[in-house]
Amino acid sequence: MTDGSPRSGGEPSVTERELRQRLDILATFNEVVADVNEIIVDAAEREDIERQVCERLVQTGELRFAWVGVVDETTGDVEPTAWAGVEDGYLDEIDVSVSAERPEGGGPVGRAVRSNAVQATQSVADDPAFGAFRGPALERGYRSAASVPLVYDDARYGVLTMYAEHERAFTAELAEPISNLGHAVAHGIDTRVRRERERELERREQAFSRIVENIEEYALFRLDASGRVESWNRGAAAIKGYDTEEILGEHIETFYTDEDAEAGLPERLLDRARTEGRVENEGWRVRADGTRFWASVTITALTDDAGEVIGFAKVTRDMTDRKRRERQLDAVFNSTFQHIGLVDPDGTVLRVNDAALDLVDADRDDIVGLRAWETPWWRGHDERVADLRADLDRAADGEFVRHEVEIDRDNTGRPVVVDFSVTPVHDDEGEVSFLVLEGHDITARKERERALRREQERLEFVNRIIRHNLLNGLNVVGARADIVEDFVDDAGLTHLETIQGRVREMTELVGTMRTFMKVIVERESHEFRPRRIDEAVDHGVESLRRESDAASVTVGRLPAISVVADDLLDEVVEHLLKNAVQHNDKPNPAVEVEVAAGDDVVELRVSDNGPGVPDEEKHRIVDQRIEDLSNPGNGFGLFLVREIVESYGGAVGIEDNDRGGATFVVTLPRA
């Protein structure tokens with residue numbers, strides 16, 4: 001229908017224009033969802049993800065403005081954190097809430113958060129609930145709006161709101177794509193937040209573990225929230241006499257005299273640590289052999305982000321036989337391959353172990369008493385000395401310091417790359433009493449990393465040659481062969497068909513080689529994602545049916561579940577199906593595909609009615625190496641399947657089946 005007014009043949013109708021606009025918006029959503037993983041990798045902070053998503057949404061011009069806000073759980077207000085597009089002070093002019101009792105909560109933002117679903121306003125001018133924001137929105141050309149909550153695994157990360165410059169931009173058919181967009185963005189934020197938490201936790205655990213594992217003058221160990229031993233260091237074993245296996249899980253009252261335990265002293269100390277954060281105590285303690293020693297004890301409460309006590313760190317120092325423990329310390333100190341030294345906060349060397357002395361072929365007596373930067377490990381390198389002095393100053397202020405440094409090895413002249421750290425150790429008054437300098441020789445690891453990078457560069461070079469030169473050349477040969485077909489008589493037709501067949505085989509082989517190169521080159525940096533196993537099976541079955549008229553394929557029940565994989569999952573399924581046909585000796589190959597899902601893994605089974613695989617051959621096929629492949633067509637596909645599956649964290653196996661053929665079993669981690 002038309003409104004009766006003339007319209008030129010090339011001018012789209014209103015309905016066509018609206019449809020095209022919605023399709024453009026839908027394409028934008030799909031592109032942003034596809035780009036989220038890349039955005040996550042590039043983003044340094046959560047705010048970068050939010051900002052880049054907003055910028056990506058408004059790039060096409062169909063969306064005029066987009067912003068992300070977080071909900072203040074106390075007030076219900078929505079505070080903007082990132083935006084892009086035509087804003088012109090809009091966010092400063094409006095107040096947004098999620099409360100249904102407030103006028104500011106009636107728009108799509110508040111409704112989306114309360115309903116946990118996509119909410120759209122088709123006409124800003126006509127929607128009564130948009131009253132509080134109508135004027136500022138219309139002034140900036142916003143004609144329709146949509147909000148989607150950013151929720152992932154019950155964690156709410158805010159709400160994303162978009163505005164279009166025309167009405168009815170966010171119709172019902174776009175609700176699901178918008179919801180998918182919100183889920184993808186929330187997943188990206190959740191991934192970044194979890195990574196930041198994991199890095200911080202790892203840093204704390206490394207700092208604590210470094211002190212716990214390598215300081216023998218103190219018994220340093222961790223207790224759970226009820227006071228039972230969770231970890232045990234060398235110093236604890238030396239002072240208290242218990243092995244790790246026999247003390248883990250025991251309550252700290254084990255270390256107290258019967259009198260103190262009956263009087264409730266251990267529990268009182270734990271209660272004070274819970275309420276005050278830290279408690280100190282001196283008194284008699286009992287070793288594993290029943291002997292007593294006078295101990296200085298510090299118990300510090302460990303809390304989570306919410307302030308809840310999740311355990312305790314306990315430091316015990318034996319004050320009765322210090323000299324004896326120093327002899328034990330010397331023995332343990334020099335039994336490690338780590339380079340370790342103890343220095344005063346002013347940098348004076350107190351102790352150094354044999355491994356560190358061997359590194360520079362020095363005598364202990366010539367080292368102890370020097371300032372650390374005057375020792376052979378650092379002397380003569382002004383920049384290195386300056387860095388060390390700065391490290392010691394930071395550690396003397398209580399900071400843990402760690403980085404890589406090159407040390408000259410006097411007896412070989414070759415530099416050694418050392419993972420170097422400085423750990424401050426505090427006394428009972430909380431002052432830094434000495435510093436632990438530790439170095440781990442990572443020269444071999446760094447050389448392996450350089451060699452690996454070089455090898456990856458070479459592989460990428462080969463991959464480019466395969467992609468551009470070899471494949472393009474095959475395409476030219478194939479095209480010219482097709483042209484020549486019109487000029488060849490019957491006598492030459494057989495030869496031409498042979499050429500064309502070989503070109504097709506080589507083109508397929510190049511595709512397989514490209515896939516294999518991708519697995520090898522990108523394995524270290526590639527991030528996997530959930531992939532639907534049923535979609536991969538459908539794709540592979542369809543491909544096999546197109547290529548083989550003689551083969552019959554039976555597919556069992558396909559659960560709609562996802563596995564940890566990537567786009568190469570399709571290659572895995574295709575190669576397994578082709579293998580079941582290519583190595584089948586029956587005139588009518590029959591292939592059966594089954595999928596079974598467990599709690600943690602998904603099992604893909606591809607069975608055939610072929611000759612089967614002898615038991616002695618099963619392991620050889622699955623475990624074959626590159627040098628075992630006589631030519632790319634002899635087992636190369638299965639080798640590629642194994643490489644891809646193992647990169648996912650899965651495994652490949654071969655079993656016999658009831659029809660006398662073989663069943664290839666691929667186990668994949670469930671997403």
# chains A, B, ... in the order shown; residues from 1 in each chain; ligands from 1
>>> residues_around(residues="segment 544-550 of chain A", least_positions_apart="5", cutoff="10 Å", atoms="only C-alpha atoms", output="count of residues only")
12
>>> select_by_dssp(residues="segment 146-352 of chain A", states="strand (DSSP E)", output="number ranges by chain")
A: 146-152, 155-164, 219-224, 278-286, 292-303, 309-318, 339-343, 349-352
>>> residues_around(residues="Ala313 of chain A", least_positions_apart="6", cutoff="10 Å", atoms="only C-alpha atoms", output="PyMOL selection string")
chain A and resi 208+212+220-224+227+229-231+278+298-302
>>> closest_atom_pairs(of="segment 158-227 of chain A", to="segment 113-119 of chain A", cutoff="12 Å", atoms="only C-alpha atoms", output="CSV")
residue,atom,partner,partner_atom,distance
A:Gly158,CA,A:Val113,CA,8.2
A:Val159,CA,A:Val113,CA,7.1
A:Leu160,CA,A:Val118,CA,9.8
A:Thr161,CA,A:Gln119,CA,9.4
A:Met162,CA,A:Gln119,CA,10.7
A:Phe170,CA,A:Gln119,CA,9.2
A:Thr171,CA,A:Gln119,CA,10.2
A:Ala172,CA,A:Val118,CA,9.8
A:Glu173,CA,A:Val118,CA,11.6
A:Leu174,CA,A:Val118,CA,9.6
A:Ala175,CA,A:Val118,CA,6.3
A:Glu176,CA,A:Val118,CA,8.3
A:Pro177,CA,A:Val118,CA,9.9
A:Ile178,CA,A:Val118,CA,7.0
A:Ser179,CA,A:Val118,CA,6.2
A:Asn180,CA,A:Val118,CA,10.0
A:Leu181,CA,A:Val118,CA,10.4
A:Gly182,CA,A:Val118,CA,8.8
A:His183,CA,A:Ala117,CA,10.7
>>> closest_residue(among="A:Ala44, A:Glu259, A:Thr320, A:Gly85", to="Thr60 of chain A", atoms="only C-alpha atoms")
A:Gly85
>>> atom_distance(atom1="atom CA of Pro611 of chain A", atom2="atom CA of Glu592 of chain A")
15.1 Å
>>> residues_around(residues="Asp35 of chain A", least_positions_apart="3", cutoff="10 Å", atoms="only C-alpha atoms", output="ChimeraX atom specification")
/A:29-32,38-40,52-53,56,184-185
>>> write_last_selection(atoms="all heavy atoms", output="mmCIF file, in the first residue's frame")
data_model
loop_
_atom_site.group_PDB
_atom_site.id
_atom_site.type_symbol
_atom_site.label_atom_id
_atom_site.label_comp_id
_atom_site.auth_asym_id
_atom_site.auth_seq_id
_atom_site.Cartn_x
_atom_site.Cartn_y
_atom_site.Cartn_z
ATOM 1 N N PHE A 29 24.721 -5.585 15.944
ATOM 2 C CA PHE A 29 24.724 -6.419 17.142
ATOM 3 C C PHE A 29 25.569 -7.659 16.914
ATOM 4 O O PHE A 29 26.412 -8.029 17.755
ATOM 5 C CB PHE A 29 23.298 -6.849 17.499
ATOM 6 C CG PHE A 29 22.413 -5.720 17.951
ATOM 7 C CD1 PHE A 29 21.033 -5.849 17.909
ATOM 8 C CD2 PHE A 29 22.947 -4.539 18.426
ATOM 9 C CE1 PHE A 29 20.218 -4.813 18.326
ATOM 10 C CE2 PHE A 29 22.138 -3.492 18.836
ATOM 11 C CZ PHE A 29 20.761 -3.632 18.784
ATOM 12 N N ASN A 30 25.354 -8.320 15.790
ATOM 13 C CA ASN A 30 26.086 -9.555 15.520
ATOM 14 C C ASN A 30 27.585 -9.305 15.405
ATOM 15 O O ASN A 30 28.404 -10.105 15.853
ATOM 16 C CB ASN A 30 25.568 -10.207 14.232
ATOM 17 C CG ASN A 30 24.151 -10.728 14.376
ATOM 18 O OD1 ASN A 30 23.710 -11.030 15.485
ATOM 19 N ND2 ASN A 30 23.423 -10.835 13.279
ATOM 20 N N GLU A 31 27.956 -8.186 14.790
ATOM 21 C CA GLU A 31 29.372 -7.861 14.664
ATOM 22 C C GLU A 31 29.996 -7.592 16.020
ATOM 23 O O GLU A 31 31.124 -8.005 16.291
ATOM 24 C CB GLU A 31 29.549 -6.650 13.742
ATOM 25 C CG GLU A 31 29.225 -6.939 12.279
ATOM 26 C CD GLU A 31 29.150 -5.672 11.437
ATOM 27 O OE1 GLU A 31 29.380 -4.579 11.998
ATOM 28 O OE2 GLU A 31 28.843 -5.780 10.246
ATOM 29 N N VAL A 32 29.275 -6.883 16.891
ATOM 30 C CA VAL A 32 29.805 -6.594 18.222
ATOM 31 C C VAL A 32 29.979 -7.883 19.008
ATOM 32 O O VAL A 32 30.992 -8.089 19.687
ATOM 33 C CB VAL A 32 28.886 -5.608 18.983
ATOM 34 C CG1 VAL A 32 29.354 -5.456 20.428
ATOM 35 C CG2 VAL A 32 28.883 -4.253 18.301
ATOM 36 N N GLU A 38 37.783 -10.436 20.966
ATOM 37 C CA GLU A 38 38.950 -9.618 20.630
ATOM 38 C C GLU A 38 39.031 -8.394 21.528
ATOM 39 O O GLU A 38 40.109 -7.993 21.949
ATOM 40 C CB GLU A 38 38.871 -9.206 19.163
ATOM 41 C CG GLU A 38 40.075 -8.388 18.686
ATOM 42 C CD GLU A 38 39.988 -8.059 17.201
ATOM 43 O OE1 GLU A 38 39.131 -8.643 16.523
ATOM 44 O OE2 GLU A 38 40.777 -7.221 16.746
ATOM 45 N N ILE A 39 37.865 -7.824 21.836
ATOM 46 C CA ILE A 39 37.841 -6.663 22.732
ATOM 47 C C ILE A 39 38.376 -7.046 24.105
ATOM 48 O O ILE A 39 39.129 -6.296 24.734
ATOM 49 C CB ILE A 39 36.401 -6.095 22.830
ATOM 50 C CG1 ILE A 39 35.996 -5.448 21.504
ATOM 51 C CG2 ILE A 39 36.295 -5.090 23.967
ATOM 52 C CD1 ILE A 39 34.552 -5.000 21.463
ATOM 53 N N ILE A 40 37.991 -8.253 24.591
ATOM 54 C CA ILE A 40 38.444 -8.707 25.903
ATOM 55 C C ILE A 40 39.966 -8.799 25.929
ATOM 56 O O ILE A 40 40.618 -8.385 26.886
ATOM 57 C CB ILE A 40 37.821 -10.071 26.241
ATOM 58 C CG1 ILE A 40 36.303 -9.945 26.368
ATOM 59 C CG2 ILE A 40 38.390 -10.626 27.543
ATOM 60 C CD1 ILE A 40 35.606 -11.275 26.495
ATOM 61 N N GLN A 52 34.676 0.315 24.443
ATOM 62 C CA GLN A 52 34.840 -0.175 23.077
ATOM 63 C C GLN A 52 33.537 -0.749 22.527
ATOM 64 O O GLN A 52 33.250 -0.630 21.337
ATOM 65 C CB GLN A 52 35.939 -1.238 23.045
ATOM 66 C CG GLN A 52 37.332 -0.661 23.289
ATOM 67 C CD GLN A 52 38.418 -1.711 23.159
ATOM 68 O OE1 GLN A 52 38.424 -2.494 22.213
ATOM 69 N NE2 GLN A 52 39.347 -1.729 24.100
ATOM 70 N N VAL A 53 32.726 -1.385 23.378
ATOM 71 C CA VAL A 53 31.432 -1.895 22.926
ATOM 72 C C VAL A 53 30.534 -0.727 22.509
ATOM 73 O O VAL A 53 29.870 -0.774 21.457
ATOM 74 C CB VAL A 53 30.762 -2.728 24.037
ATOM 75 C CG1 VAL A 53 29.295 -2.995 23.696
ATOM 76 C CG2 VAL A 53 31.501 -4.051 24.217
ATOM 77 N N ARG A 56 31.749 0.678 19.277
ATOM 78 C CA ARG A 56 31.455 -0.218 18.151
ATOM 79 C C ARG A 56 29.985 -0.138 17.754
ATOM 80 O O ARG A 56 29.645 -0.230 16.573
ATOM 81 C CB ARG A 56 31.822 -1.650 18.559
ATOM 82 C CG ARG A 56 31.722 -2.655 17.431
ATOM 83 C CD ARG A 56 32.751 -2.363 16.349
ATOM 84 N NE ARG A 56 32.599 -3.267 15.229
ATOM 85 C CZ ARG A 56 31.723 -3.086 14.238
ATOM 86 N NH1 ARG A 56 30.945 -2.015 14.237
ATOM 87 N NH2 ARG A 56 31.640 -3.952 13.257
ATOM 88 N N ALA A 184 26.854 -11.474 25.797
ATOM 89 C CA ALA A 184 28.248 -11.490 25.345
ATOM 90 C C ALA A 184 29.071 -10.419 26.057
ATOM 91 O O ALA A 184 30.203 -10.667 26.480
ATOM 92 C CB ALA A 184 28.302 -11.281 23.827
ATOM 93 N N VAL A 185 28.494 -9.220 26.194
ATOM 94 C CA VAL A 185 29.220 -8.139 26.877
ATOM 95 C C VAL A 185 29.428 -8.499 28.344
ATOM 96 O O VAL A 185 30.523 -8.302 28.902
ATOM 97 C CB VAL A 185 28.456 -6.813 26.736
ATOM 98 C CG1 VAL A 185 29.141 -5.717 27.543
ATOM 99 C CG2 VAL A 185 28.365 -6.402 25.269
#
>>> closest_residue(among="A:Pro415, A:Pro149, A:Gly649, A:Gly311", to="Thr667 of chain A", atoms="only C-alpha atoms")
A:Gly649
>>> residues_around(residues="Asp260 of chain A", least_positions_apart="6", cutoff="9 Å", atoms="only C-alpha atoms", output="PyMOL selection string")
chain A and resi 253+266+284
>>> select_by_dssp(residues="segment 193-311 of chain A", states="alpha helix (DSSP H)", output="PyMOL selection string")
chain A and resi 193-214+234-240+244-247+258-262+265-276
>>> closest_residue(among="A:Asp567, A:Glu374, A:Glu45, A:Asp391", to="Arg195 of chain A", atoms="only C-alpha atoms")
A:Glu45
